[in-house]
Amino acid sequence: MSVPNPTAARKLRKPAAVVSVLGAFALLASACAGGADAGTQQSADATPVSGGNLNFAVSVDRGCIDPQQVGNNDAIAIARQTVASLTSQDPKSGEIVPWLAEKFETNTNATSFTFTLRSGATFADGTAIDAASVKTNFEAIKALGAKATLGSTYLSDVSAITVKDPQTVVVDFSKPNAQFLQATSTFTLGLLSPASATLSEADRCAGKFSGSGPFSVKSYTVDKEAVLERRAGYKWPAATNSNKGEAYLDTVTFKIIPEAGNRTGSLQSGQIDATAAISAADISLFNGNGFWNETRANPGVVYNLYANQSNPKLKETAVRQAISKAINREEITKTLLTEADQPAKGVLSHTTPYFKDYSELLKNDPDGAKKLLDDAGWKVGTDGVREKNGEKLSFKVTYWQSPKEVLELVQQQLKVIGVDLQLKFTTIADVTAAQADKTYDFSYGNLTRSDPDVLRTVFASTTARGGNNLREKLPVDDVLAEQAAALDKDARQKLVDEAQEILIKDAHSIPLYELSTTISASDKVKGLTFEASSRLDFYDAWLSK
Amino acid sequence: MIRYIGQRLLQGAFVLWAAYTVSFLILYLLPGDAVSIMASGDEQNAVDPALVEKLRAEYGLDRPLYEQYFIALFKALQLDFGLSIKNGVPATQTVAEVLPETIKLAVAGFALAVLLGSALAVVAAFSRNRWIRQAFSSLPPLGIAVPTFWIGLLLLQFFSFRLRLFPAIGNDGGQSLVLPALTLAIPTSAVIAQLLTRSLHQTLGEPYIEQIRAKGASEALINFGHALRNAAIPTLTMLGILVGNLLAGAVVSETVFSRAGIGRLTVTAVNSRDIPVVQTLVVLAAAIFVVTSLIVDLIYPLVDPRINTSRGAKA
């Protein structure tokens, strides 16, 4: 079942193979480096050679590289390489394919998942990767609670984990949970040796765990670097990788470089070989001239303005709709971002499975916006800001995401229709606080996840968090819940489409643009690619002499 | 003398307690707490609020302010500042691991600053050429005015990216210390140069200089033997402030050159509201100030016999 993804489909040489959930080995053939959007792509010509150290720059270090705990992108880049997951996801088709589990089955109401493990795979400390170790891992993640920032969400409704035989494990949920299969492909449900589960939080954060992936942590010095070394004897690749044996690179050194100018200069002068943290303004420096760029939109919910609907003004659908219409999304990507960046075409980015293009509903229409507000009784006041019954259409948004100019441009675009947007650009800490006490008018952000269930995570009023809109329960919540239980591809597609359409039409979602990740690297770096969640995969990477 | 030192140590203890308490209050009043920040990651991950509450309770962040304060203070008195919230490592260990790097940087930076600053001041004060005198006198205000950040980027661009003489990142070896230390030294040397130049001008105008000159002393002996020694005293007074400058400069220098150290640690710890780590750093910084000013006060009488510490008097 191919995902109706017009943009991605255009890039495929042949239509994505139709595969069942079981044994998706057909994808092996088409699973090569790719799924990227644009850029001066690396040439994938020569035969890979083994050896060498790749210096890769990341911008922040939060002091922890435990795959089951971390939730920030830089730590994920490091942690991803150290663990293998039960499944993998094809970056092009969104299909879930085998990795540590050679077979997986789901019951009809998506509450029970059975994984059959491949034999011969081991953890870095030599113990076998068996069904019991899977149970130990998932239980350890649940025990971590909020420290497992992503894993705890994926496993929240687990009711039982059963070891049927050494190779077979069954995970049961109390509610339908179609997203779980995709969750097993993510780094955060990647497997650590059972002994690692008993380590202290500090030791796990410091990288003293034994993983299951193609690289092991050699050393980690906070604020300086993390060095990963090739795991000898690794031969259980995901079906999505072209490499079938040990990793090509001897070591990967993740250097922590907080200053953007330093990252650019260090790449230009060869002090680092690659990074995914070049600022938008500098990216074009690496188009050619001995370098290459590769950009891929992060799957999941795109950058959105989330209206707090416990605010009576934003509870008014017309107000939200007008704001969405007043935004010129093309202008944002054209003037502030790179040529590879794309305006939002829906709530989901175009690299997300089950994506559908809703550009028609997201056209810039300032006149339509003005009319909506006129009809709703919002009249332009003396200061140019619309008002009704003494209330002004003035809203505040607290955010930290760069480039900060994006919302400055939106502020200008909204001014045209008489809506005043007050911006406060600050630290993550301040933003988290504003969100926790629910005092915001708009919050701003995205959520990376290569499964449409991310819509429910972000928008449903029925989740534990209550959704970013802070609204009362509406029919769309039922659609989102049904989508979470739908296993049939066509049925799920219909429900996801329906949910997206409501979210956009009623402007619960005011999408802006797709967050993307760009790898910038020297020409000697080959095979460094994105996995389906737009995280980096160093397993296929190698250095030409 | 011993009584004087005892007095000063008591004062020092008060300063440490005050620093601890004020920073505790500030961190408490700042919006956002470490646990929610950690749980939300880069993208406001959808962690169940109940789980976040549970974790906050584990760290005792749900207790009343006074209770949190007294528990923390009692432990801090035993040098236990708690575990870093981001990774569970003892805060003191987190700081101790990077402290040597910052000490290296600060010592190198300070030594360079003294050399540069003194050289500038000496040329500006003693040169017979009016042009050179004026040019060198105008350099210190420039050094103070230019942002350290910009100096760092400039050095980086020229010496690392262009000439490729020094590495742009890391803490490995003496090579990697040169540019960060220079970045740190430039603004500090400007302060030293400005103070010393003014003080030298003043000293050279004193009657005793004329007296020495009348006795037939050479210009070199006058300048370096007498004027410089006397002019150094007011500069010494500023040592405490200069150490503060170095710590503040370390934040910038360590960030620009990607060096691990307490400057960068401070930035990340404050941003993630990692109270144990911030508290450790605040107390450490306060202790450094207390010790430096104590040392300065003890050195005074050795340089300037007019000062008598036995009565606790200061010049």
# chains A, B, ... in the order shown; residues from 1 in each chain; ligands from 1
$ residues_around --residues "stretch 267-277 of chain B" --least-positions-apart "2" --cutoff "10 Å" --atoms "only C-alpha atoms" --output "MDAnalysis selection string"
(chainID A and resid 60:63 223 427:430) or (chainID B and resid 23:24 27:28 30:38 72 76 80:86 89:95 251:252 255 262:265 279:282)
$ interface_residues --of "chain B" --to "chain A" --cutoff "6 Å" --atoms "only C-alpha atoms" --output "PyMOL selection string"
chain B and resi 31-32+37+39+41-43+47-48+51-52+87-89+161+256+258+260
$ residues_around --residues "stretch 101-103 of chain B" --least-positions-apart "2" --cutoff "8 Å" --atoms "only C-alpha atoms" --output "short mmCIF file (atom, residue, chain, number, x, y, z; two decimals) with N, CA and C atoms, in the first residue's frame"
data_model
loop_
_atom_site.label_atom_id
_atom_site.label_comp_id
_atom_site.auth_asym_id
_atom_site.auth_seq_id
_atom_site.Cartn_x
_atom_site.Cartn_y
_atom_site.Cartn_z
N VAL B 98 34.52 20.26 35.03
CA VAL B 98 34.92 21.27 34.04
C VAL B 98 35.72 22.42 34.64
N LEU B 99 35.75 22.50 35.97
CA LEU B 99 36.44 23.62 36.60
C LEU B 99 37.90 23.76 36.17
N LEU B 105 41.96 28.37 31.45
CA LEU B 105 41.62 29.48 30.57
C LEU B 105 41.80 30.82 31.30
N ALA B 106 41.31 30.88 32.55
CA ALA B 106 41.36 32.13 33.28
C ALA B 106 42.80 32.52 33.61
N VAL B 107 43.61 31.54 34.02
CA VAL B 107 45.00 31.85 34.36
C VAL B 107 45.75 32.32 33.12
N ASN B 171 39.06 21.48 23.79
CA ASN B 171 39.92 21.75 24.94
C ASN B 171 41.23 21.00 24.83
N ALA B 250 34.65 34.34 30.50
CA ALA B 250 34.76 32.90 30.23
C ALA B 250 33.48 32.37 29.59
N ALA B 260 34.56 23.25 26.88
CA ALA B 260 33.84 22.90 28.10
C ALA B 260 34.39 23.75 29.23
N GLY B 261 33.55 24.16 30.15
CA GLY B 261 34.02 24.98 31.26
C GLY B 261 32.85 25.49 32.06
N ILE B 262 33.13 26.18 33.17
CA ILE B 262 32.02 26.57 34.03
C ILE B 262 31.20 27.71 33.43
N GLY B 263 31.79 28.48 32.52
CA GLY B 263 31.02 29.55 31.86
C GLY B 263 29.87 28.96 31.08
#
$ atom_distance --atom1 "atom CA of A:Gly300" --atom2 "atom CA of A:Thr351"
7.9 Å
$ closest_residue --among "A:Leu181, A:Leu455, A:Ile510, A:Ile323" --to "A:Leu495" --atoms "only C-alpha atoms"
A:Leu455
$ residues_around --residues "A:Ala274" --least-positions-apart "2" --cutoff "10 Å" --atoms "only C-alpha atoms" --output "JSON, numbers by chain"
{"A": [54, 55, 56, 57, 58, 254, 263, 264, 266, 267, 268, 270, 271, 272, 276, 277, 278, 291, 292, 293, 519, 520, 521, 522, 523, 524, 525, 528]}
$ write_last_selection --atoms "N, CA, C and O atoms" --output "short mmCIF file (atom, residue, chain, number, x, y, z; two decimals), in the first residue's frame"
data_model
loop_
_atom_site.label_atom_id
_atom_site.label_comp_id
_atom_site.auth_asym_id
_atom_site.auth_seq_id
_atom_site.Cartn_x
_atom_site.Cartn_y
_atom_site.Cartn_z
N LEU A 54 34.61 10.36 11.48
CA LEU A 54 33.81 11.46 10.94
C LEU A 54 33.51 12.43 12.08
O LEU A 54 32.98 12.04 13.11
N ASN A 55 33.90 13.69 11.87
CA ASN A 55 33.60 14.72 12.86
C ASN A 55 32.29 15.40 12.50
O ASN A 55 32.16 15.98 11.44
N PHE A 56 31.33 15.31 13.41
CA PHE A 56 30.00 15.84 13.15
C PHE A 56 29.66 16.84 14.25
O PHE A 56 29.81 16.55 15.43
N ALA A 57 29.23 18.05 13.86
CA ALA A 57 28.95 19.06 14.87
C ALA A 57 27.47 19.10 15.24
O ALA A 57 26.60 19.04 14.38
N VAL A 58 27.21 19.16 16.53
CA VAL A 58 25.85 19.43 17.02
C VAL A 58 25.92 20.71 17.86
O VAL A 58 27.00 21.12 18.28
N PHE A 254 30.97 13.34 17.74
CA PHE A 254 29.98 14.42 17.76
C PHE A 254 30.58 15.56 18.58
O PHE A 254 30.75 15.43 19.79
N ARG A 263 30.30 26.88 13.63
CA ARG A 263 29.97 25.65 12.89
C ARG A 263 30.21 25.85 11.39
O ARG A 263 30.81 25.00 10.72
N THR A 264 29.76 26.99 10.87
CA THR A 264 29.95 27.29 9.45
C THR A 264 31.44 27.32 9.11
O THR A 264 31.88 26.65 8.17
N SER A 266 33.98 26.10 10.77
CA SER A 266 34.65 24.83 11.02
C SER A 266 34.40 23.85 9.88
O SER A 266 35.29 23.08 9.52
N LEU A 267 33.21 23.89 9.31
CA LEU A 267 32.92 23.01 8.18
C LEU A 267 33.71 23.48 6.96
O LEU A 267 34.34 22.68 6.27
N GLN A 268 33.72 24.81 6.73
CA GLN A 268 34.45 25.35 5.58
C GLN A 268 35.94 25.03 5.68
O GLN A 268 36.58 24.74 4.68
N GLY A 270 37.32 22.58 7.23
CA GLY A 270 37.63 21.16 7.36
C GLY A 270 37.86 20.68 8.78
O GLY A 270 38.33 19.57 8.99
N GLN A 271 37.54 21.50 9.78
CA GLN A 271 37.72 21.04 11.16
C GLN A 271 36.60 20.11 11.58
O GLN A 271 36.72 19.37 12.55
N ILE A 272 35.46 20.19 10.88
CA ILE A 272 34.43 19.16 11.01
C ILE A 272 34.08 18.69 9.59
O ILE A 272 34.37 19.39 8.61
N ALA A 276 24.30 19.10 10.91
CA ALA A 276 22.92 19.37 10.50
C ALA A 276 22.46 20.65 11.16
O ALA A 276 21.28 20.84 11.42
N ALA A 277 23.41 21.54 11.47
CA ALA A 277 23.06 22.73 12.24
C ALA A 277 23.67 23.99 11.65
O ALA A 277 24.19 24.84 12.36
N ILE A 278 23.61 24.11 10.31
CA ILE A 278 24.07 25.34 9.68
C ILE A 278 22.86 26.29 9.62
O ILE A 278 21.75 25.88 9.31
N PHE A 291 31.33 20.71 -1.23
CA PHE A 291 30.38 20.36 -0.17
C PHE A 291 29.04 19.96 -0.78
O PHE A 291 28.80 20.16 -1.96
N TRP A 292 28.20 19.38 0.04
CA TRP A 292 26.83 19.11 -0.40
C TRP A 292 25.84 19.35 0.74
O TRP A 292 26.20 19.28 1.90
N ASN A 293 24.62 19.70 0.34
CA ASN A 293 23.52 19.88 1.29
C ASN A 293 22.43 18.87 0.94
O ASN A 293 22.19 18.61 -0.23
N ILE A 519 21.40 18.33 6.12
CA ILE A 519 22.77 17.87 6.36
C ILE A 519 23.67 18.68 5.44
O ILE A 519 23.41 18.76 4.24
N SER A 520 24.68 19.31 5.97
CA SER A 520 25.70 19.96 5.16
C SER A 520 27.00 19.21 5.42
O SER A 520 27.36 19.01 6.58
N ALA A 521 27.66 18.80 4.35
CA ALA A 521 28.84 17.97 4.57
C ALA A 521 29.87 18.19 3.48
O ALA A 521 29.56 18.68 2.39
N SER A 522 31.09 17.81 3.78
CA SER A 522 32.16 17.86 2.80
C SER A 522 31.96 16.72 1.80
O SER A 522 31.34 15.71 2.13
N ASP A 523 32.48 16.88 0.60
CA ASP A 523 32.29 15.88 -0.45
C ASP A 523 32.83 14.51 -0.10
O ASP A 523 32.42 13.51 -0.67
N LYS A 524 33.78 14.46 0.85
CA LYS A 524 34.33 13.14 1.16
C LYS A 524 33.37 12.31 2.02
O LYS A 524 33.56 11.12 2.19
N VAL A 525 32.32 12.96 2.55
CA VAL A 525 31.32 12.22 3.34
C VAL A 525 30.29 11.61 2.40
O VAL A 525 29.68 12.30 1.60
N LEU A 528 25.65 9.39 4.20
CA LEU A 528 25.03 9.89 5.43
C LEU A 528 23.59 10.29 5.09
O LEU A 528 23.38 11.15 4.24
#
$ residues_around --residues "A:Val49" --least-positions-apart "6" --cutoff "9 Å" --atoms "only C-alpha atoms" --output "PyMOL selection string"
chain A and resi 248-249+542-545
$ write_last_selection --atoms "all heavy atoms" --output "tab-separated table (two decimals), in the first residue's frame"
chain	number	residue	atom	x	y	z
A	248	TYR	N	30.76	1.28	8.42
A	248	TYR	CA	32.00	1.56	7.68
A	248	TYR	C	32.95	2.43	8.51
A	248	TYR	O	34.16	2.27	8.47
A	248	TYR	CB	31.69	2.26	6.36
A	248	TYR	CG	30.81	1.45	5.44
A	248	TYR	CD1	29.58	1.94	5.01
A	248	TYR	CD2	31.21	0.18	5.00
A	248	TYR	CE1	28.76	1.20	4.17
A	248	TYR	CE2	30.40	-0.57	4.17
A	248	TYR	CZ	29.18	-0.06	3.76
A	248	TYR	OH	28.39	-0.80	2.94
A	249	LEU	N	32.39	3.37	9.24
A	249	LEU	CA	33.24	4.31	9.98
A	249	LEU	C	33.82	3.65	11.23
A	249	LEU	O	33.11	2.94	11.94
A	249	LEU	CB	32.43	5.54	10.38
A	249	LEU	CG	31.87	6.37	9.24
A	249	LEU	CD1	30.84	7.36	9.77
A	249	LEU	CD2	32.99	7.10	8.51
A	542	TRP	N	30.21	6.62	5.03
A	542	TRP	CA	31.63	6.29	4.90
A	542	TRP	C	32.38	7.51	4.38
A	542	TRP	O	31.78	8.47	3.90
A	542	TRP	CB	31.85	5.08	4.00
A	542	TRP	CG	31.23	5.16	2.62
A	542	TRP	CD1	29.91	5.01	2.30
A	542	TRP	CD2	31.90	5.44	1.38
A	542	TRP	NE1	29.71	5.15	0.95
A	542	TRP	CE2	30.93	5.40	0.37
A	542	TRP	CE3	33.24	5.67	1.04
A	542	TRP	CZ2	31.24	5.63	-0.98
A	542	TRP	CZ3	33.56	5.89	-0.30
A	542	TRP	CH2	32.54	5.87	-1.30
A	543	LEU	N	33.70	7.44	4.50
A	543	LEU	CA	34.54	8.56	4.07
A	543	LEU	C	35.37	8.13	2.89
A	543	LEU	O	36.06	7.11	2.95
A	543	LEU	CB	35.47	9.00	5.20
A	543	LEU	CG	34.82	9.65	6.42
A	543	LEU	CD1	35.79	9.72	7.57
A	543	LEU	CD2	34.32	11.04	6.06
A	544	SER	N	35.34	8.91	1.80
A	544	SER	CA	36.19	8.58	0.66
A	544	SER	C	37.59	9.09	0.95
A	544	SER	O	37.77	10.08	1.65
A	544	SER	CB	35.64	9.20	-0.62
A	544	SER	OG	35.75	10.60	-0.55
A	545	LYS	N	38.55	8.40	0.42
A	545	LYS	CA	39.95	8.74	0.74
A	545	LYS	C	40.36	10.02	0.04
A	545	LYS	O	39.95	10.32	-1.04
A	545	LYS	CB	40.87	7.59	0.31
A	545	LYS	CG	40.56	6.29	1.04
A	545	LYS	CD	41.04	6.33	2.50
A	545	LYS	CE	40.67	5.05	3.22
A	545	LYS	NZ	39.86	5.23	4.40
$ select_by_dssp --residues "stretch 115-196 of chain A" --states "alpha helix (DSSP H)" --output "ChimeraX atom specification"
/A:131-144,151-154,180-183,194-196
$ write_last_selection --atoms "N, CA and C atoms" --output "PDB file, in the first residue's frame"
ATOM      1  N   ALA A 131      13.196 -12.201  23.670  1.00  0.00           N
ATOM      2  CA  ALA A 131      11.888 -11.647  24.026  1.00  0.00           C
ATOM      3  C   ALA A 131      11.891 -11.064  25.443  1.00  0.00           C
ATOM      4  N   ALA A 132      12.589 -11.746  26.350  1.00  0.00           N
ATOM      5  CA  ALA A 132      12.622 -11.263  27.739  1.00  0.00           C
ATOM      6  C   ALA A 132      13.291  -9.890  27.808  1.00  0.00           C
ATOM      7  N   SER A 133      14.323  -9.683  26.984  1.00  0.00           N
ATOM      8  CA  SER A 133      15.017  -8.396  27.029  1.00  0.00           C
ATOM      9  C   SER A 133      14.119  -7.267  26.512  1.00  0.00           C
ATOM     10  N   VAL A 134      13.232  -7.607  25.569  1.00  0.00           N
ATOM     11  CA  VAL A 134      12.289  -6.599  25.081  1.00  0.00           C
ATOM     12  C   VAL A 134      11.353  -6.173  26.202  1.00  0.00           C
ATOM     13  N   LYS A 135      10.879  -7.184  26.936  1.00  0.00           N
ATOM     14  CA  LYS A 135       9.979  -6.907  28.064  1.00  0.00           C
ATOM     15  C   LYS A 135      10.695  -6.033  29.104  1.00  0.00           C
ATOM     16  N   THR A 136      11.931  -6.413  29.438  1.00  0.00           N
ATOM     17  CA  THR A 136      12.708  -5.632  30.407  1.00  0.00           C
ATOM     18  C   THR A 136      12.834  -4.176  29.952  1.00  0.00           C
ATOM     19  N   ASN A 137      13.123  -3.991  28.663  1.00  0.00           N
ATOM     20  CA  ASN A 137      13.299  -2.636  28.138  1.00  0.00           C
ATOM     21  C   ASN A 137      12.032  -1.801  28.253  1.00  0.00           C
ATOM     22  N   PHE A 138      10.922  -2.363  27.782  1.00  0.00           N
ATOM     23  CA  PHE A 138       9.690  -1.573  27.772  1.00  0.00           C
ATOM     24  C   PHE A 138       9.225  -1.272  29.191  1.00  0.00           C
ATOM     25  N   GLU A 139       9.454  -2.223  30.093  1.00  0.00           N
ATOM     26  CA  GLU A 139       9.081  -1.968  31.487  1.00  0.00           C
ATOM     27  C   GLU A 139       9.982  -0.893  32.108  1.00  0.00           C
ATOM     28  N   ALA A 140      11.252  -0.943  31.736  1.00  0.00           N
ATOM     29  CA  ALA A 140      12.182   0.075  32.251  1.00  0.00           C
ATOM     30  C   ALA A 140      11.788   1.466  31.750  1.00  0.00           C
ATOM     31  N   ILE A 141      11.348   1.537  30.500  1.00  0.00           N
ATOM     32  CA  ILE A 141      10.940   2.834  29.946  1.00  0.00           C
ATOM     33  C   ILE A 141       9.709   3.356  30.682  1.00  0.00           C
ATOM     34  N   LYS A 142       8.770   2.461  30.934  1.00  0.00           N
ATOM     35  CA  LYS A 142       7.580   2.884  31.684  1.00  0.00           C
ATOM     36  C   LYS A 142       7.965   3.374  33.075  1.00  0.00           C
ATOM     37  N   ALA A 143       8.934   2.679  33.688  1.00  0.00           N
ATOM     38  CA  ALA A 143       9.354   3.045  35.039  1.00  0.00           C
ATOM     39  C   ALA A 143      10.048   4.415  35.054  1.00  0.00           C
ATOM     40  N   LEU A 144      10.670   4.785  33.922  1.00  0.00           N
ATOM     41  CA  LEU A 144      11.339   6.089  33.864  1.00  0.00           C
ATOM     42  C   LEU A 144      10.333   7.232  33.942  1.00  0.00           C
ATOM     43  N   GLY A 151       9.232   7.963  24.997  1.00  0.00           N
ATOM     44  CA  GLY A 151       8.828   6.574  25.209  1.00  0.00           C
ATOM     45  C   GLY A 151       7.630   6.435  26.122  1.00  0.00           C
ATOM     46  N   SER A 152       7.563   7.269  27.158  1.00  0.00           N
ATOM     47  CA  SER A 152       6.449   7.151  28.095  1.00  0.00           C
ATOM     48  C   SER A 152       5.116   7.415  27.394  1.00  0.00           C
ATOM     49  N   THR A 153       5.117   8.302  26.388  1.00  0.00           N
ATOM     50  CA  THR A 153       3.889   8.570  25.637  1.00  0.00           C
ATOM     51  C   THR A 153       3.504   7.365  24.786  1.00  0.00           C
ATOM     52  N   TYR A 154       4.522   6.768  24.133  1.00  0.00           N
ATOM     53  CA  TYR A 154       4.226   5.661  23.229  1.00  0.00           C
ATOM     54  C   TYR A 154       3.682   4.449  23.981  1.00  0.00           C
ATOM     55  N   PHE A 180       1.496   2.295  17.578  1.00  0.00           N
ATOM     56  CA  PHE A 180       2.565   1.611  18.310  1.00  0.00           C
ATOM     57  C   PHE A 180       3.606   0.979  17.389  1.00  0.00           C
ATOM     58  N   LEU A 181       3.147   0.461  16.247  1.00  0.00           N
ATOM     59  CA  LEU A 181       4.089  -0.182  15.341  1.00  0.00           C
ATOM     60  C   LEU A 181       5.153   0.816  14.877  1.00  0.00           C
ATOM     61  N   GLN A 182       4.706   2.017  14.529  1.00  0.00           N
ATOM     62  CA  GLN A 182       5.673   3.047  14.133  1.00  0.00           C
ATOM     63  C   GLN A 182       6.566   3.415  15.319  1.00  0.00           C
ATOM     64  N   ALA A 183       5.965   3.443  16.513  1.00  0.00           N
ATOM     65  CA  ALA A 183       6.753   3.791  17.709  1.00  0.00           C
ATOM     66  C   ALA A 183       7.902   2.814  17.910  1.00  0.00           C
ATOM     67  N   PRO A 194      19.610  -5.855  29.164  1.00  0.00           N
ATOM     68  CA  PRO A 194      18.870  -5.881  30.433  1.00  0.00           C
ATOM     69  C   PRO A 194      19.709  -5.349  31.590  1.00  0.00           C
ATOM     70  N   ALA A 195      21.027  -5.580  31.556  1.00  0.00           N
ATOM     71  CA  ALA A 195      21.886  -5.078  32.625  1.00  0.00           C
ATOM     72  C   ALA A 195      21.845  -3.551  32.668  1.00  0.00           C
ATOM     73  N   SER A 196      21.688  -2.910  31.502  1.00  0.00           N
ATOM     74  CA  SER A 196      21.673  -1.440  31.449  1.00  0.00           C
ATOM     75  C   SER A 196      20.450  -0.875  32.171  1.00  0.00           C
TER      76      SER A 196
END
$ closest_residue --among "B:Ser199, B:Thr292, B:Thr237, B:Ser189" --to "B:Arg8" --atoms "only C-alpha atoms"
B:Thr292
$ closest_residue --among "A:Thr122, A:Gln342, A:Gln411, A:Thr333" --to "A:Val83" --atoms "only C-alpha atoms"
A:Thr122
$ decode --residues "stretch 466-472 of chain A" --atoms "all heavy atoms" --output "PDB file, in the first residue's frame"
ATOM      1  N   GLY A 466      -4.552  17.311  27.155  1.00  0.00           N
ATOM      2  CA  GLY A 466      -5.668  18.178  26.784  1.00  0.00           C
ATOM      3  C   GLY A 466      -5.489  18.918  25.474  1.00  0.00           C
ATOM      4  O   GLY A 466      -6.344  19.716  25.090  1.00  0.00           O
ATOM      5  N   GLY A 467      -4.378  18.655  24.761  1.00  0.00           N
ATOM      6  CA  GLY A 467      -4.194  19.280  23.452  1.00  0.00           C
ATOM      7  C   GLY A 467      -3.749  20.722  23.543  1.00  0.00           C
ATOM      8  O   GLY A 467      -4.002  21.407  24.534  1.00  0.00           O
ATOM      9  N   ASN A 468      -3.059  21.176  22.496  1.00  0.00           N
ATOM     10  CA  ASN A 468      -2.524  22.544  22.507  1.00  0.00           C
ATOM     11  C   ASN A 468      -3.602  23.614  22.396  1.00  0.00           C
ATOM     12  O   ASN A 468      -3.359  24.777  22.680  1.00  0.00           O
ATOM     13  CB  ASN A 468      -1.523  22.728  21.366  1.00  0.00           C
ATOM     14  CG  ASN A 468      -0.250  21.957  21.616  1.00  0.00           C
ATOM     15  OD1 ASN A 468      -0.092  21.357  22.680  1.00  0.00           O
ATOM     16  ND2 ASN A 468       0.645  21.965  20.656  1.00  0.00           N
ATOM     17  N   ASN A 469      -4.801  23.247  21.921  1.00  0.00           N
ATOM     18  CA  ASN A 469      -5.858  24.240  21.744  1.00  0.00           C
ATOM     19  C   ASN A 469      -6.602  24.546  23.041  1.00  0.00           C
ATOM     20  O   ASN A 469      -7.348  25.512  23.100  1.00  0.00           O
ATOM     21  CB  ASN A 469      -6.880  23.774  20.699  1.00  0.00           C
ATOM     22  CG  ASN A 469      -6.340  23.835  19.283  1.00  0.00           C
ATOM     23  OD1 ASN A 469      -6.503  22.913  18.509  1.00  0.00           O
ATOM     24  ND2 ASN A 469      -5.702  24.942  18.937  1.00  0.00           N
ATOM     25  N   LEU A 470      -6.427  23.691  24.041  1.00  0.00           N
ATOM     26  CA  LEU A 470      -7.134  23.863  25.319  1.00  0.00           C
ATOM     27  C   LEU A 470      -8.622  24.119  25.091  1.00  0.00           C
ATOM     28  O   LEU A 470      -9.220  25.015  25.678  1.00  0.00           O
ATOM     29  CB  LEU A 470      -6.518  25.022  26.123  1.00  0.00           C
ATOM     30  CG  LEU A 470      -5.037  24.871  26.490  1.00  0.00           C
ATOM     31  CD1 LEU A 470      -4.527  26.127  27.162  1.00  0.00           C
ATOM     32  CD2 LEU A 470      -4.821  23.672  27.389  1.00  0.00           C
ATOM     33  N   ARG A 471      -9.189  23.334  24.210  1.00  0.00           N
ATOM     34  CA  ARG A 471     -10.604  23.539  23.879  1.00  0.00           C
ATOM     35  C   ARG A 471     -11.451  22.432  24.480  1.00  0.00           C
ATOM     36  O   ARG A 471     -10.938  21.429  24.962  1.00  0.00           O
ATOM     37  CB  ARG A 471     -10.789  23.591  22.360  1.00  0.00           C
ATOM     38  CG  ARG A 471     -10.314  22.350  21.668  1.00  0.00           C
ATOM     39  CD  ARG A 471     -10.652  22.325  20.185  1.00  0.00           C
ATOM     40  NE  ARG A 471      -9.927  21.242  19.552  1.00  0.00           N
ATOM     41  CZ  ARG A 471     -10.241  19.965  19.647  1.00  0.00           C
ATOM     42  NH1 ARG A 471     -11.292  19.591  20.349  1.00  0.00           N
ATOM     43  NH2 ARG A 471      -9.516  19.029  19.064  1.00  0.00           N
ATOM     44  N   GLU A 472     -12.783  22.633  24.370  1.00  0.00           N
ATOM     45  CA  GLU A 472     -13.682  21.592  24.842  1.00  0.00           C
ATOM     46  C   GLU A 472     -13.728  20.470  23.794  1.00  0.00           C
ATOM     47  O   GLU A 472     -13.252  20.639  22.679  1.00  0.00           O
ATOM     48  CB  GLU A 472     -15.072  22.176  25.059  1.00  0.00           C
ATOM     49  CG  GLU A 472     -15.653  22.775  23.777  1.00  0.00           C
ATOM     50  CD  GLU A 472     -16.656  23.899  24.052  1.00  0.00           C
ATOM     51  OE1 GLU A 472     -16.630  24.474  25.162  1.00  0.00           O
ATOM     52  OE2 GLU A 472     -17.432  24.191  23.138  1.00  0.00           O
TER      53      GLU A 472
END
